[in-house]
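Visitor: Shown below is the structure under consideration.
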Amino acid sequence: MSIDAGPAGPRAALAVRGHWTLSAVLVAVSAAGLWLFARGFLLTRMVLPDRSDASALPYADLPAEASAGAACEWYPPKFERAVVLVVDAMRVDFAAWSDGLSTTAGAAEGQIAEQRAGRAKPYHNRLPVLATLGARRPEQTMLYRFRADPPTTTLQRLKGLTTGQLPTFIDAGSNFAGSAIDEDSWLRAAVAPRCGARRGRNLVFLGDDTWTSLFPRELTDTQAAEGDTAQWNASTAGWARVRPFPSLNVWDLDTVDDGVFSRLPLFLLPPESAEKDMAAAQADELRARRLQWRQLVRQPHMWAHADFGNASAAGGMASSSVGAEQLHRDWDVIIAHGLGVDHCGHRFGPDHPAISHKLTQINRAIELVVDAIDRDDRPTALYVFGDHGMDAKGDHGGDSPREVDAGLWIYSNARWHSHDGDERAARVLKNAQTLLAGTALGASLDGDLKDGWWRNTHLSDDYRAAAGVGGVPPEAPTHRSVSQVDLVSTLSLGLGLPIPFNNLGAVIPEMFAADGGRGAEWGLLRALRLNAAQTLRYIDTYVARSRSHGFSDDALRAWRAAYDRAESSHRELTAAGAGVGQRQMRALEERAAAEYLAFLRLVLGSLRQMWAQFDVVLIAAGLGTLALAAASLAMLYVRTRRATLDDIAAHTRRAALSGGAAGAITFRALGTLLASSGASHMTLLEAT
């Protein structure tokens, strides 16, 4: 025993040293691979808790008469009220009308009708009210391609649609366990106390319960609190009615939609108690309108809910402090989020006849909402949009064209854009496109940020699937294209709210191009300048608070230079004053507006590449490194059968050093090559 113990000790020590060396190498390689993969895949950003203040503009060089003042508004409100109707998964080709796919009587005859029917899908031309009103009232409505930033999950899309920010992959991991949003949002501003008003705005929410997980403070029902009259009268909050419905049962196509459509008339129509003061004909008409809403609801048991109890001053959704008439008369913002179309896609796919039935129901609901707001003399906006689209299987979450291309339809009972304003907005968009193409950073942006128009390629794909009439596929219709984050600044300024602090979107130009603004200032120019100043303030704050902000010096210089050029153009316009003619003044206004829009697109496009697009170079490097570690472990197992760990460790150290050097050189060269070709952040979006 004593003779064998001596030699065994050194061999055991060598084996242990080799074991630890190999373990350290493999752990280091695996950690490096995970770090590289995480840098490219797990996109993150810092959340800033700052809030925009309605009484403090984002820039300080306005004349006294143009400041926010006692009105506490950045922009004079275009609308007193707004209805936000979210049709979950409403793709843009669900909303668009195409004569080439119409099979209705009078639109197509004989063989042509048969050919059109052969290539028409169940979702084509199922929302005709959008096209009908667009033709009849062109200055009150417009349809847009509403491009979403991936991931196209509802929780991430709602964050972008309320804060104006871009999603990150870390957020995507919480899609089914949403946490409250800590960032500024238009919803927070909408319920905040108003200057000069005794109470905040009154809010109604109906639908997808994802909203209440994201906004538990803003979406708090006040019906129970209104029972204490004395305490309620002393409160400064507006009243709220919040009715969330569970969102995860994708087999249920009707419960959420029925919950929304059954309760909307409680706010859009006068209460039954008002009929006693009406003439007989008016009362009959009101009952007929109420019946039309009732016919939308497919589940009769829905009416057994307590919300549909006595509609007197203290029954149903009313309270002793807020009666049924006040619920109808005094609401400011209604948010309704239906899930039937999305659930239909998950269960059956978009080519199933069930999608036609759901879209027909949505079409009728839009007709009834439009009829209700048309009877109101207060300017009211209706925003109908999808939070994302769906692919050919009915799924979503990725970045394929059909998943990111939702639809947005804006309507108002008052004119909100004009032919002349649209022409000026188009010139601003084209000038901004030219400005972006003239810079290295701008030229590398996604196409949807540089071009404000888009051909509905989803419809044309369907056309090409079968022979066109006469063997020639018809041309796809063209839509204005906006980013989903653009809704945030547009809706905010439209209601007279401040733009959320972290917003990265740009106002939709048509919304403000017909406005005279304050004093002599053009409405679109004022809106874009406010928008740009708010975005620059966000960037400056982000850089000041985050040492690892990740913005390159080149990007920061390019952003600042673009903003300074816009401010210089604005100063030139101001200096010109009344000394120039109207045509020259309009040209100066449009040039300055284009400069501000180019700045906004430059920032959004750059940050989209950082926060919303995967870096394929880092992902490939990380996966390659992890694969190398796994292969090394397998080889280690094989070689330990024939050599000592000490010998293997010596060879591994030499191989690791030489391989690491070669990998670093390859990674650097590949990154430079892909960056120069614009492919380092390539996504399927460019296919659109």
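Ligands are numbered from 1 in the order shown, chains are lettered A, B, ... in the order of the structure tokens, and residues start at 1 in each chain.
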Using backbone DSSP assignments, extract all helix (DSSP H, G or I) residues from region 360-416 of chain A; output them as a list in words.
Guide: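 Put together, the selection reads Thr360, Gln361, Ile362, Asn363, Arg364, Ala365, Ile366, Glu367, Leu368, Val369, Val370, Asp371, Ala372, Ile373, Asp374, Pro401, Arg402, Glu403 and Val404 of chain A.
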Visitor: When you look at Gly259 (chain A) with a cut-off of 8 Å (counting only C-alpha atoms), what residues show up, excluding the ones that are within fewer than 2 positions of it in the same chain? I need them as number ranges by chain.
Guide: A: 206-207, 245, 255-257, 261-263, 302
Visitor: With all heavy atoms retained, could you export that selection as a PDB file, in the first residue's frame?
Guide:
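Writing done, so here's result_3.pdb:
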```
ATOM      1  N   LEU A 206     -63.577  49.160 -21.896  1.00  0.00           N
ATOM      2  CA  LEU A 206     -64.282  47.899 -22.088  1.00  0.00           C
ATOM      3  C   LEU A 206     -63.401  46.972 -22.915  1.00  0.00           C
ATOM      4  O   LEU A 206     -62.877  47.383 -23.952  1.00  0.00           O
ATOM      5  CB  LEU A 206     -65.609  48.120 -22.833  1.00  0.00           C
ATOM      6  CG  LEU A 206     -66.563  49.191 -22.302  1.00  0.00           C
ATOM      7  CD1 LEU A 206     -67.649  49.482 -23.330  1.00  0.00           C
ATOM      8  CD2 LEU A 206     -67.181  48.750 -20.985  1.00  0.00           C
ATOM      9  N   GLY A 207     -63.207  45.724 -22.462  1.00  0.00           N
ATOM     10  CA  GLY A 207     -62.517  44.760 -23.311  1.00  0.00           C
ATOM     11  C   GLY A 207     -61.337  44.061 -22.690  1.00  0.00           C
ATOM     12  O   GLY A 207     -61.330  43.745 -21.487  1.00  0.00           O
ATOM     13  N   PHE A 245     -62.312  42.027 -19.629  1.00  0.00           N
ATOM     14  CA  PHE A 245     -62.734  40.654 -19.902  1.00  0.00           C
ATOM     15  C   PHE A 245     -61.498  39.806 -20.165  1.00  0.00           C
ATOM     16  O   PHE A 245     -60.521  40.281 -20.755  1.00  0.00           O
ATOM     17  CB  PHE A 245     -63.666  40.611 -21.116  1.00  0.00           C
ATOM     18  CG  PHE A 245     -64.966  41.341 -20.905  1.00  0.00           C
ATOM     19  CD1 PHE A 245     -65.072  42.688 -21.204  1.00  0.00           C
ATOM     20  CD2 PHE A 245     -66.059  40.688 -20.377  1.00  0.00           C
ATOM     21  CE1 PHE A 245     -66.250  43.376 -21.006  1.00  0.00           C
ATOM     22  CE2 PHE A 245     -67.258  41.367 -20.170  1.00  0.00           C
ATOM     23  CZ  PHE A 245     -67.360  42.705 -20.478  1.00  0.00           C
ATOM     24  N   THR A 255     -67.279  36.282 -26.390  1.00  0.00           N
ATOM     25  CA  THR A 255     -67.538  36.841 -25.060  1.00  0.00           C
ATOM     26  C   THR A 255     -66.991  38.257 -24.914  1.00  0.00           C
ATOM     27  O   THR A 255     -67.690  39.160 -24.442  1.00  0.00           O
ATOM     28  CB  THR A 255     -66.947  35.928 -23.970  1.00  0.00           C
ATOM     29  OG1 THR A 255     -67.623  34.674 -23.992  1.00  0.00           O
ATOM     30  CG2 THR A 255     -67.108  36.568 -22.601  1.00  0.00           C
ATOM     31  N   VAL A 256     -65.744  38.479 -25.308  1.00  0.00           N
ATOM     32  CA  VAL A 256     -65.154  39.812 -25.145  1.00  0.00           C
ATOM     33  C   VAL A 256     -65.864  40.824 -26.038  1.00  0.00           C
ATOM     34  O   VAL A 256     -66.227  41.922 -25.593  1.00  0.00           O
ATOM     35  CB  VAL A 256     -63.646  39.788 -25.438  1.00  0.00           C
ATOM     36  CG1 VAL A 256     -63.054  41.187 -25.305  1.00  0.00           C
ATOM     37  CG2 VAL A 256     -62.928  38.828 -24.493  1.00  0.00           C
ATOM     38  N   ASP A 257     -66.088  40.472 -27.304  1.00  0.00           N
ATOM     39  CA  ASP A 257     -66.773  41.385 -28.208  1.00  0.00           C
ATOM     40  C   ASP A 257     -68.190  41.685 -27.727  1.00  0.00           C
ATOM     41  O   ASP A 257     -68.651  42.844 -27.776  1.00  0.00           O
ATOM     42  CB  ASP A 257     -66.819  40.801 -29.619  1.00  0.00           C
ATOM     43  CG  ASP A 257     -65.452  40.792 -30.289  1.00  0.00           C
ATOM     44  OD1 ASP A 257     -64.486  41.261 -29.655  1.00  0.00           O
ATOM     45  OD2 ASP A 257     -65.342  40.318 -31.427  1.00  0.00           O
ATOM     46  N   PHE A 261     -69.750  45.343 -26.980  1.00  0.00           N
ATOM     47  CA  PHE A 261     -70.860  45.893 -27.764  1.00  0.00           C
ATOM     48  C   PHE A 261     -72.145  46.028 -26.948  1.00  0.00           C
ATOM     49  O   PHE A 261     -72.986  46.870 -27.260  1.00  0.00           O
ATOM     50  CB  PHE A 261     -71.110  45.013 -28.987  1.00  0.00           C
ATOM     51  CG  PHE A 261     -69.951  44.949 -29.937  1.00  0.00           C
ATOM     52  CD1 PHE A 261     -69.673  43.794 -30.650  1.00  0.00           C
ATOM     53  CD2 PHE A 261     -69.111  46.040 -30.103  1.00  0.00           C
ATOM     54  CE1 PHE A 261     -68.599  43.734 -31.522  1.00  0.00           C
ATOM     55  CE2 PHE A 261     -68.024  45.993 -30.964  1.00  0.00           C
ATOM     56  CZ  PHE A 261     -67.769  44.831 -31.674  1.00  0.00           C
ATOM     57  N   SER A 262     -72.302  45.224 -25.918  1.00  0.00           N
ATOM     58  CA  SER A 262     -73.507  45.346 -25.093  1.00  0.00           C
ATOM     59  C   SER A 262     -73.452  46.573 -24.187  1.00  0.00           C
ATOM     60  O   SER A 262     -74.497  47.139 -23.832  1.00  0.00           O
ATOM     61  CB  SER A 262     -73.688  44.083 -24.242  1.00  0.00           C
ATOM     62  OG  SER A 262     -72.575  43.885 -23.374  1.00  0.00           O
ATOM     63  N   ARG A 263     -72.245  47.020 -23.837  1.00  0.00           N
ATOM     64  CA  ARG A 263     -72.112  48.147 -22.906  1.00  0.00           C
ATOM     65  C   ARG A 263     -71.872  49.490 -23.599  1.00  0.00           C
ATOM     66  O   ARG A 263     -72.143  50.534 -23.000  1.00  0.00           O
ATOM     67  CB  ARG A 263     -70.985  47.853 -21.906  1.00  0.00           C
ATOM     68  CG  ARG A 263     -71.364  46.768 -20.896  1.00  0.00           C
ATOM     69  CD  ARG A 263     -70.155  46.200 -20.187  1.00  0.00           C
ATOM     70  NE  ARG A 263     -70.542  45.239 -19.151  1.00  0.00           N
ATOM     71  CZ  ARG A 263     -70.874  43.973 -19.401  1.00  0.00           C
ATOM     72  NH1 ARG A 263     -70.862  43.510 -20.638  1.00  0.00           N
ATOM     73  NH2 ARG A 263     -71.223  43.168 -18.405  1.00  0.00           N
ATOM     74  N   MET A 302     -75.555  37.384 -21.828  1.00  0.00           N
ATOM     75  CA  MET A 302     -74.807  38.597 -21.507  1.00  0.00           C
ATOM     76  C   MET A 302     -75.688  39.623 -20.806  1.00  0.00           C
ATOM     77  O   MET A 302     -75.228  40.381 -19.950  1.00  0.00           O
ATOM     78  CB  MET A 302     -74.225  39.187 -22.794  1.00  0.00           C
ATOM     79  CG  MET A 302     -73.287  40.363 -22.600  1.00  0.00           C
ATOM     80  SD  MET A 302     -71.745  39.923 -21.747  1.00  0.00           S
ATOM     81  CE  MET A 302     -71.040  38.748 -22.913  1.00  0.00           C
TER      82      MET A 302
END
```
Visitor: Please measure the separation of CA of Ala372 (chain A) and CA of Phe512 (chain A), giving the value in Å to one decimal.
Guide: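 Separating CA of Ala372 (chain A) from CA of Phe512 (chain A) is a distance of 24.8 Å.
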Visitor: List the spatial neighbours of region 531-538 of chain A as a PDB file with N, CA and C atoms, in the first residue's frame - criterion: any atom at most 7 Å away, only C-alpha atoms, same-chain residues fewer than 6 positions off excluded.
Guide:
```pdb
ATOM      1  N   PRO A  58     -41.906  71.874 -24.138  1.00  0.00           N
ATOM      2  CA  PRO A  58     -40.555  71.292 -24.188  1.00  0.00           C
ATOM      3  C   PRO A  58     -39.491  72.240 -24.691  1.00  0.00           C
ATOM      4  N   TYR A  59     -39.858  73.428 -25.153  1.00  0.00           N
ATOM      5  CA  TYR A  59     -38.870  74.442 -25.507  1.00  0.00           C
ATOM      6  C   TYR A  59     -39.330  75.766 -24.919  1.00  0.00           C
ATOM      7  N   PHE A 501     -43.448  61.784 -22.338  1.00  0.00           N
ATOM      8  CA  PHE A 501     -42.031  62.137 -22.243  1.00  0.00           C
ATOM      9  C   PHE A 501     -41.150  61.224 -23.078  1.00  0.00           C
ATOM     10  N   ASN A 502     -41.435  59.921 -23.109  1.00  0.00           N
ATOM     11  CA  ASN A 502     -40.567  58.953 -23.775  1.00  0.00           C
ATOM     12  C   ASN A 502     -40.966  58.670 -25.216  1.00  0.00           C
ATOM     13  N   ASN A 503     -41.918  59.392 -25.742  1.00  0.00           N
ATOM     14  CA  ASN A 503     -42.426  59.120 -27.082  1.00  0.00           C
ATOM     15  C   ASN A 503     -41.358  59.296 -28.157  1.00  0.00           C
ATOM     16  N   LEU A 504     -41.354  58.379 -29.128  1.00  0.00           N
ATOM     17  CA  LEU A 504     -40.428  58.443 -30.257  1.00  0.00           C
ATOM     18  C   LEU A 504     -41.140  58.614 -31.594  1.00  0.00           C
ATOM     19  N   ALA A 506     -43.755  60.321 -34.558  1.00  0.00           N
ATOM     20  CA  ALA A 506     -44.003  61.643 -35.134  1.00  0.00           C
ATOM     21  C   ALA A 506     -45.495  61.809 -35.375  1.00  0.00           C
ATOM     22  N   TYR A 596     -37.869  68.979 -39.222  1.00  0.00           N
ATOM     23  CA  TYR A 596     -38.255  68.380 -37.944  1.00  0.00           C
ATOM     24  C   TYR A 596     -38.675  66.924 -38.125  1.00  0.00           C
ATOM     25  N   LEU A 600     -37.040  63.440 -36.480  1.00  0.00           N
ATOM     26  CA  LEU A 600     -37.814  62.440 -35.737  1.00  0.00           C
ATOM     27  C   LEU A 600     -37.634  61.052 -36.333  1.00  0.00           C
TER      28      LEU A 600
END
```
Visitor: Excluding Leu143 (chain A) and residues on its chain fewer than 5 positions from it, collect all residues at most 10 Å away from it, counting only C-alpha atoms, and give them as a ChimeraX atom specification.
Guide: /A:92,95-96,130-131,134,384-385,407-411,479-481
Visitor: Any chance you can output those residues with N, CA, C and O atoms as a PDB file, in the first residue's frame?
Guide:
```pdb
ATOM      1  N   VAL A  92     -54.128  45.285 -42.336  1.00  0.00           N
ATOM      2  CA  VAL A  92     -54.513  46.388 -43.208  1.00  0.00           C
ATOM      3  C   VAL A  92     -55.375  45.916 -44.363  1.00  0.00           C
ATOM      4  O   VAL A  92     -56.284  46.624 -44.811  1.00  0.00           O
ATOM      5  N   ALA A  95     -59.027  45.851 -43.646  1.00  0.00           N
ATOM      6  CA  ALA A  95     -59.702  47.147 -43.616  1.00  0.00           C
ATOM      7  C   ALA A  95     -59.823  47.789 -44.987  1.00  0.00           C
ATOM      8  O   ALA A  95     -60.693  48.638 -45.198  1.00  0.00           O
ATOM      9  N   ALA A  96     -58.951  47.413 -45.918  1.00  0.00           N
ATOM     10  CA  ALA A  96     -58.921  48.071 -47.223  1.00  0.00           C
ATOM     11  C   ALA A  96     -60.023  47.539 -48.130  1.00  0.00           C
ATOM     12  O   ALA A  96     -60.373  46.357 -48.093  1.00  0.00           O
ATOM     13  N   LEU A 130     -65.808  51.648 -43.992  1.00  0.00           N
ATOM     14  CA  LEU A 130     -64.614  52.485 -44.046  1.00  0.00           C
ATOM     15  C   LEU A 130     -64.471  53.135 -45.417  1.00  0.00           C
ATOM     16  O   LEU A 130     -64.171  54.327 -45.528  1.00  0.00           O
ATOM     17  N   ALA A 131     -64.684  52.350 -46.472  1.00  0.00           N
ATOM     18  CA  ALA A 131     -64.585  52.900 -47.824  1.00  0.00           C
ATOM     19  C   ALA A 131     -65.764  53.813 -48.146  1.00  0.00           C
ATOM     20  O   ALA A 131     -65.598  54.841 -48.801  1.00  0.00           O
ATOM     21  N   GLY A 134     -65.241  57.053 -46.469  1.00  0.00           N
ATOM     22  CA  GLY A 134     -64.102  57.709 -47.094  1.00  0.00           C
ATOM     23  C   GLY A 134     -64.482  58.402 -48.386  1.00  0.00           C
ATOM     24  O   GLY A 134     -63.952  59.469 -48.714  1.00  0.00           O
ATOM     25  N   VAL A 384     -60.013  53.629 -35.119  1.00  0.00           N
ATOM     26  CA  VAL A 384     -60.211  52.183 -35.241  1.00  0.00           C
ATOM     27  C   VAL A 384     -58.909  51.586 -35.768  1.00  0.00           C
ATOM     28  O   VAL A 384     -58.441  51.983 -36.846  1.00  0.00           O
ATOM     29  N   PHE A 385     -58.318  50.655 -35.038  1.00  0.00           N
ATOM     30  CA  PHE A 385     -57.040  50.105 -35.500  1.00  0.00           C
ATOM     31  C   PHE A 385     -56.811  48.708 -34.943  1.00  0.00           C
ATOM     32  O   PHE A 385     -57.425  48.289 -33.960  1.00  0.00           O
ATOM     33  N   GLY A 407     -54.012  47.907 -39.635  1.00  0.00           N
ATOM     34  CA  GLY A 407     -54.709  49.016 -40.266  1.00  0.00           C
ATOM     35  C   GLY A 407     -55.119  50.051 -39.236  1.00  0.00           C
ATOM     36  O   GLY A 407     -55.388  49.727 -38.078  1.00  0.00           O
ATOM     37  N   LEU A 408     -55.147  51.323 -39.651  1.00  0.00           N
ATOM     38  CA  LEU A 408     -55.624  52.427 -38.812  1.00  0.00           C
ATOM     39  C   LEU A 408     -56.615  53.242 -39.624  1.00  0.00           C
ATOM     40  O   LEU A 408     -56.302  53.681 -40.739  1.00  0.00           O
ATOM     41  N   TRP A 409     -57.807  53.458 -39.065  1.00  0.00           N
ATOM     42  CA  TRP A 409     -58.832  54.277 -39.709  1.00  0.00           C
ATOM     43  C   TRP A 409     -59.238  55.367 -38.728  1.00  0.00           C
ATOM     44  O   TRP A 409     -59.595  55.078 -37.586  1.00  0.00           O
ATOM     45  N   ILE A 410     -59.138  56.609 -39.172  1.00  0.00           N
ATOM     46  CA  ILE A 410     -59.480  57.755 -38.323  1.00  0.00           C
ATOM     47  C   ILE A 410     -60.720  58.429 -38.905  1.00  0.00           C
ATOM     48  O   ILE A 410     -60.797  58.691 -40.115  1.00  0.00           O
ATOM     49  N   TYR A 411     -61.681  58.718 -38.029  1.00  0.00           N
ATOM     50  CA  TYR A 411     -62.920  59.388 -38.438  1.00  0.00           C
ATOM     51  C   TYR A 411     -63.267  60.434 -37.382  1.00  0.00           C
ATOM     52  O   TYR A 411     -62.936  60.285 -36.202  1.00  0.00           O
ATOM     53  N   HIS A 479     -51.710  53.061 -49.937  1.00  0.00           N
ATOM     54  CA  HIS A 479     -52.158  53.649 -48.676  1.00  0.00           C
ATOM     55  C   HIS A 479     -51.043  54.543 -48.118  1.00  0.00           C
ATOM     56  O   HIS A 479     -49.860  54.306 -48.356  1.00  0.00           O
ATOM     57  N   ARG A 480     -51.456  55.526 -47.361  1.00  0.00           N
ATOM     58  CA  ARG A 480     -50.480  56.234 -46.521  1.00  0.00           C
ATOM     59  C   ARG A 480     -49.997  55.268 -45.455  1.00  0.00           C
ATOM     60  O   ARG A 480     -50.767  54.452 -44.950  1.00  0.00           O
ATOM     61  N   SER A 481     -48.724  55.367 -45.125  1.00  0.00           N
ATOM     62  CA  SER A 481     -48.133  54.455 -44.155  1.00  0.00           C
ATOM     63  C   SER A 481     -47.586  55.239 -42.967  1.00  0.00           C
ATOM     64  O   SER A 481     -46.861  56.223 -43.148  1.00  0.00           O
TER      65      SER A 481
END
```
Visitor: Quick one, how far is CA of Ala190 (chain A) from CA of Val333 (chain A)?
Guide: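 Taking CA of Ala190 (chain A) as the start and CA of Val333 (chain A) as the end point, the length is 8.0 Å.
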Visitor: Work out how far apart CA of Pro350 (chain A) and CA of Gly394 (chain A) are and give it in Å to one decimal.
Guide: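 These two atoms are separated by 5.6 Å.
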Visitor: Which residue out of A:Ala240, A:Val86, A:Ala513, A:Ala120 has the minimum interatomic distance to Arg199 (chain A) when only C-alpha atoms are used?
Guide: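 Result for the nearest residue to Arg199 (chain A): A:Ala240.
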Visitor: Applying 7 Å and only C-alpha atoms, which residues near Trp239 (chain A) remain after dropping the ones on its own chain fewer than 4 positions away? List them as a PyMOL selection string.
Guide: chain A and resi 202-203+222
Visitor: Would you write out those residues with N, CA, C and O atoms, as a compact mmCIF listing (two decimals), in the first residue's frame?
Guide:
```
# COMPACT_ATOMS: atom_id res chain seq x y z
N ASN A 202 -63.29 62.07 -17.77
CA ASN A 202 -64.07 60.87 -17.47
C ASN A 202 -63.76 59.79 -18.50
O ASN A 202 -63.73 60.06 -19.70
N LEU A 203 -63.52 58.58 -18.02
CA LEU A 203 -62.98 57.52 -18.86
C LEU A 203 -63.86 56.28 -18.82
O LEU A 203 -64.40 55.91 -17.76
N THR A 222 -64.56 53.71 -10.61
CA THR A 222 -64.93 54.58 -9.49
C THR A 222 -66.38 54.41 -9.06
O THR A 222 -66.85 55.16 -8.20
```
Visitor: If we count only C-alpha atoms and set the cut-off at 8 Å, which residues sit around Ile499 (chain A), ignoring sequence neighbours fewer than 3 positions away in its own chain? Please answer as a list in words.
Guide: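 Using only C-alpha atoms, the neighbours found are Ser52, Ser185, Trp186, Val488, Ser489, Ser492, Leu493, Asn503, Asn531 and Gln534 of chain A.
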